[in-house]
>>> print(open('start19.txt').read())   # compact mmCIF, C-alpha atoms
# COMPACT_ATOMS: atom_id res chain seq x y z
CA MET A 1 0.00 0.00 0.00
CA ALA A 2 2.81 2.40 0.85
CA ALA A 3 4.55 1.61 -2.42
CA THR A 4 1.53 2.79 -4.42
CA ARG A 5 1.84 6.28 -2.95
CA GLY A 6 5.52 6.51 -3.80
CA TRP A 7 6.75 5.96 -0.25
CA ALA A 8 9.77 3.84 0.20
CA GLU A 9 9.87 1.05 2.68
CA PRO A 10 11.78 2.04 5.82
CA PRO A 11 15.26 0.58 5.95
CA PRO A 12 15.65 -2.51 8.09
CA PRO A 13 17.16 -1.92 11.52
CA PRO A 14 20.93 -2.11 11.54
CA ASP A 15 22.26 -5.54 12.34
CA ALA A 16 24.16 -5.30 15.62
CA SER A 17 26.46 -8.11 14.54
CA ALA A 18 27.55 -6.08 11.50
CA ALA A 19 29.08 -3.33 13.67
CA ARG A 20 32.82 -3.36 14.19
CA PRO A 21 33.96 -4.78 17.55
CA GLU A 22 35.29 -1.36 18.59
CA GLN A 23 31.89 0.20 17.96
CA ARG A 24 30.11 -2.48 19.96
CA GLN A 25 32.53 -2.05 22.88
CA ALA A 26 32.18 1.73 22.82
CA GLU A 27 28.44 1.28 23.33
CA LEU A 28 28.78 -0.98 26.40
CA ASP A 29 28.04 0.35 29.85
CA GLU A 30 30.93 1.11 32.17
CA GLN A 31 30.33 -1.81 34.52
CA THR A 32 30.51 -4.32 31.67
CA LEU A 33 33.69 -2.75 30.36
CA VAL A 34 35.27 -2.87 33.83
CA VAL A 35 34.43 -6.56 34.24
CA ARG A 36 35.82 -7.34 30.81
CA ALA A 37 38.98 -5.36 31.56
CA GLN A 38 39.38 -7.27 34.82
CA GLU A 39 39.19 -10.46 32.77
CA GLY A 40 42.13 -9.22 30.70
CA ASP A 41 40.36 -7.52 27.78
CA ALA A 42 42.72 -4.65 26.87
CA ARG A 43 40.26 -3.18 24.35
CA SER A 44 37.65 -2.71 27.07
CA PHE A 45 40.19 -0.92 29.24
CA GLU A 46 41.12 1.24 26.25
CA VAL A 47 37.47 2.26 25.83
CA LEU A 48 37.30 3.17 29.52
CA ALA A 49 40.53 5.16 29.30
CA ARG A 50 39.32 7.07 26.24
CA ARG A 51 36.02 7.91 27.94
CA HIS A 52 37.76 9.47 30.92
CA GLN A 53 40.99 10.71 29.34
CA ALA A 54 40.10 14.40 29.02
CA ALA A 55 38.85 14.77 32.59
CA LEU A 56 41.80 12.84 34.00
CA TYR A 57 44.20 15.01 32.04
CA ARG A 58 42.60 18.17 33.45
CA VAL A 59 43.08 16.82 36.97
CA ALA A 60 46.74 16.10 36.26
CA VAL A 61 47.29 19.60 34.86
CA ARG A 62 45.68 21.15 37.94
CA VAL A 63 47.84 19.14 40.31
CA LEU A 64 51.14 19.47 38.44
CA GLY A 65 50.69 22.83 36.78
CA ASP A 66 52.52 21.69 33.64
CA PRO A 67 50.79 20.18 30.59
CA GLY A 68 53.83 18.12 29.58
CA GLU A 69 54.22 16.60 33.03
CA ALA A 70 50.46 16.04 33.14
CA GLU A 71 50.64 13.98 29.93
CA ASP A 72 53.44 11.88 31.41
CA ALA A 73 51.54 11.44 34.67
CA LEU A 74 48.38 10.40 32.84
CA GLN A 75 50.22 7.82 30.75
CA GLU A 76 51.86 6.34 33.83
CA ALA A 77 48.58 6.41 35.74
CA LEU A 78 46.81 4.54 32.95
CA LEU A 79 49.53 1.89 33.03
CA ASP A 80 49.17 1.71 36.82
CA ALA A 81 45.41 1.32 36.46
CA TRP A 82 45.75 -1.43 33.85
CA ARG A 83 48.14 -3.34 36.09
CA ARG A 84 45.84 -2.95 39.09
CA ILE A 85 42.40 -3.19 37.44
CA GLY A 86 41.83 -6.45 39.30
CA ALA A 87 42.01 -4.52 42.59
CA PHE A 88 39.06 -2.30 41.59
CA ARG A 89 36.13 -3.53 43.67
CA ALA A 90 33.38 -1.23 42.34
CA GLU A 91 32.75 0.26 45.77
CA SER A 92 32.84 3.60 43.94
CA ALA A 93 32.54 4.65 40.33
CA PHE A 94 35.35 3.66 38.00
CA SER A 95 35.99 7.34 37.31
CA THR A 96 36.46 8.00 41.03
CA TRP A 97 39.00 5.20 41.23
CA MET A 98 40.81 6.56 38.18
CA TYR A 99 40.90 10.08 39.66
CA ARG A 100 42.61 8.60 42.70
CA VAL A 101 45.13 6.68 40.56
CA VAL A 102 45.97 9.85 38.59
CA THR A 103 46.17 12.00 41.72
CA ASN A 104 48.47 9.48 43.43
CA ARG A 105 50.75 9.43 40.38
CA CYS A 106 50.85 13.24 40.29
CA MET A 107 51.59 13.48 44.00
CA GLY A 108 54.42 10.98 43.58
CA MET A 109 55.86 13.09 40.78
CA LEU A 110 55.67 16.19 42.98
CA ARG A 111 57.48 14.37 45.79
CA ASN A 112 60.21 13.25 43.40
CA ARG A 113 60.92 16.71 42.04
CA ARG A 114 64.37 17.88 42.90
CA PRO A 115 64.27 20.04 46.00
CA VAL A 116 65.37 23.63 45.66
CA PRO A 117 68.67 24.21 47.49
CA VAL A 118 68.34 26.46 50.55
CA ASP A 119 70.86 29.02 49.25
CA ARG A 120 68.71 29.54 46.13
CA MET A 121 65.63 30.09 48.27
CA ASP A 122 67.42 32.97 50.03
CA ASP A 123 68.16 34.65 46.67
CA ALA A 124 64.53 34.49 45.63
>>> encode(input="start19.txt", output="structure tokens")
Amino acid sequence: MAATRGWAEPPPPPDASAARPEQRQAELDEQTLVVRAQEGDARSFEVLARRHQAALYRVAVRVLGDPGEAEDALQEALLDAWRRIGAFRAESAFSTWMYRVVTNRCMGMLRNRRPVPVDRMDDA
């Protein structure tokens, strides 16, 4: 009946199995991605990292005050998180846990900065 009026049939719904694996993972909820990452799925962790990357970077810049150091801190923090993803117990949001990992890495970097010699402090 619709064809007699010149209307086209609506396209069939997209087949979910036809989507690329990266697209399907990007659509998963955070809890599922965390569980998969804890099971060793690096792609799921990558999706989580990409989702939170900008906010985590901003935190690192605020703590360290230097964009270059913040990039380094974020990279190291993401490696720390990947190594310790099994320790995440979902008592808080994944993003909260990641903020803590990034903040800890930044604080460690601040502690490891070379101290300013006392004689230079007097000159300033």
>>> atom_distance(input="start19.txt", atom1="CA of Gly65 in chain A", atom2="CA of Arg100 in chain A")
17.4 Å
>>> residues_around(input="start19.txt", residues="range 84-90 of chain A", least_positions_apart="4", cutoff="7 Å", atoms="all atoms listed in the file", output="ChimeraX atom specification")
/A:38,80,94
>>> closest_residue(input="start19.txt", among="A:Met107, A:Val59, A:Leu48, A:Leu64", to="Ala81 in chain A", atoms="all atoms listed in the file")
A:Leu48
>>> closest_residue(input="start19.txt", among="A:Leu78, A:Glu71, A:Val63, A:Phe45", to="Cys106 in chain A", atoms="all atoms listed in the file")
A:Val63
>>> residues_near_point(input="start19.txt", point="(35.6, -3.4, 32.8)", cutoff="10 Å", atoms="only C-alpha atoms", output="list in words")
Leu28, Asp29, Glu30, Gln31, Thr32, Leu33, Val34, Val35, Arg36, Ala37, Gln38, Glu39, Gly40, Asp41, Ala42, Arg43, Ser44, Phe45, Glu46, Val47, Leu48, Ile85, Gly86, Phe88 and Phe94 of chain A
>>> atom_distance(input="start19.txt", atom1="CA of Val102 in chain A", atom2="CA of Ala77 in chain A")
5.2 Å
>>> atom_distance(input="start19.txt", atom1="CA of Gln53 in chain A", atom2="CA of Leu74 in chain A")
8.2 Å
>>> axis_aligned_box(input="start19.txt", around="range 66-83 of chain A", padding_each_side="4 Å", output="JSON")
{"center_x": 49.8, "center_y": 9.2, "center_z": 33.2, "size_x": 16.8, "size_y": 33.0, "size_z": 15.2}
>>> closest_residue(input="start19.txt", among="A:Glu27, A:Glu91, A:Asn112, A:Ala70", to="Ala54 in chain A", atoms="only C-alpha atoms")
A:Ala70
>>> residues_around(input="start19.txt", residues="Glu69 in chain A", least_positions_apart="6", cutoff="9 Å", atoms="all atoms listed in the file", output="list in words")
Ala60, Val61, Cys106 and Met109 of chain A
>>> write_last_selection(input="start19.txt", atoms="C-alpha atoms", output="PDB file, keeping the file's coordinate frame")
ATOM      1  CA  ALA A  60      46.740  16.100  36.260  1.00  0.00           C
ATOM      2  CA  VAL A  61      47.290  19.600  34.860  1.00  0.00           C
ATOM      3  CA  CYS A 106      50.850  13.240  40.290  1.00  0.00           C
ATOM      4  CA  MET A 109      55.860  13.090  40.780  1.00  0.00           C
TER       5      MET A 109
END
>>> closest_residue(input="start19.txt", among="A:Leu56, A:Arg50, A:Asp66, A:Asp72", to="Trp97 in chain A", atoms="only C-alpha atoms")
A:Leu56
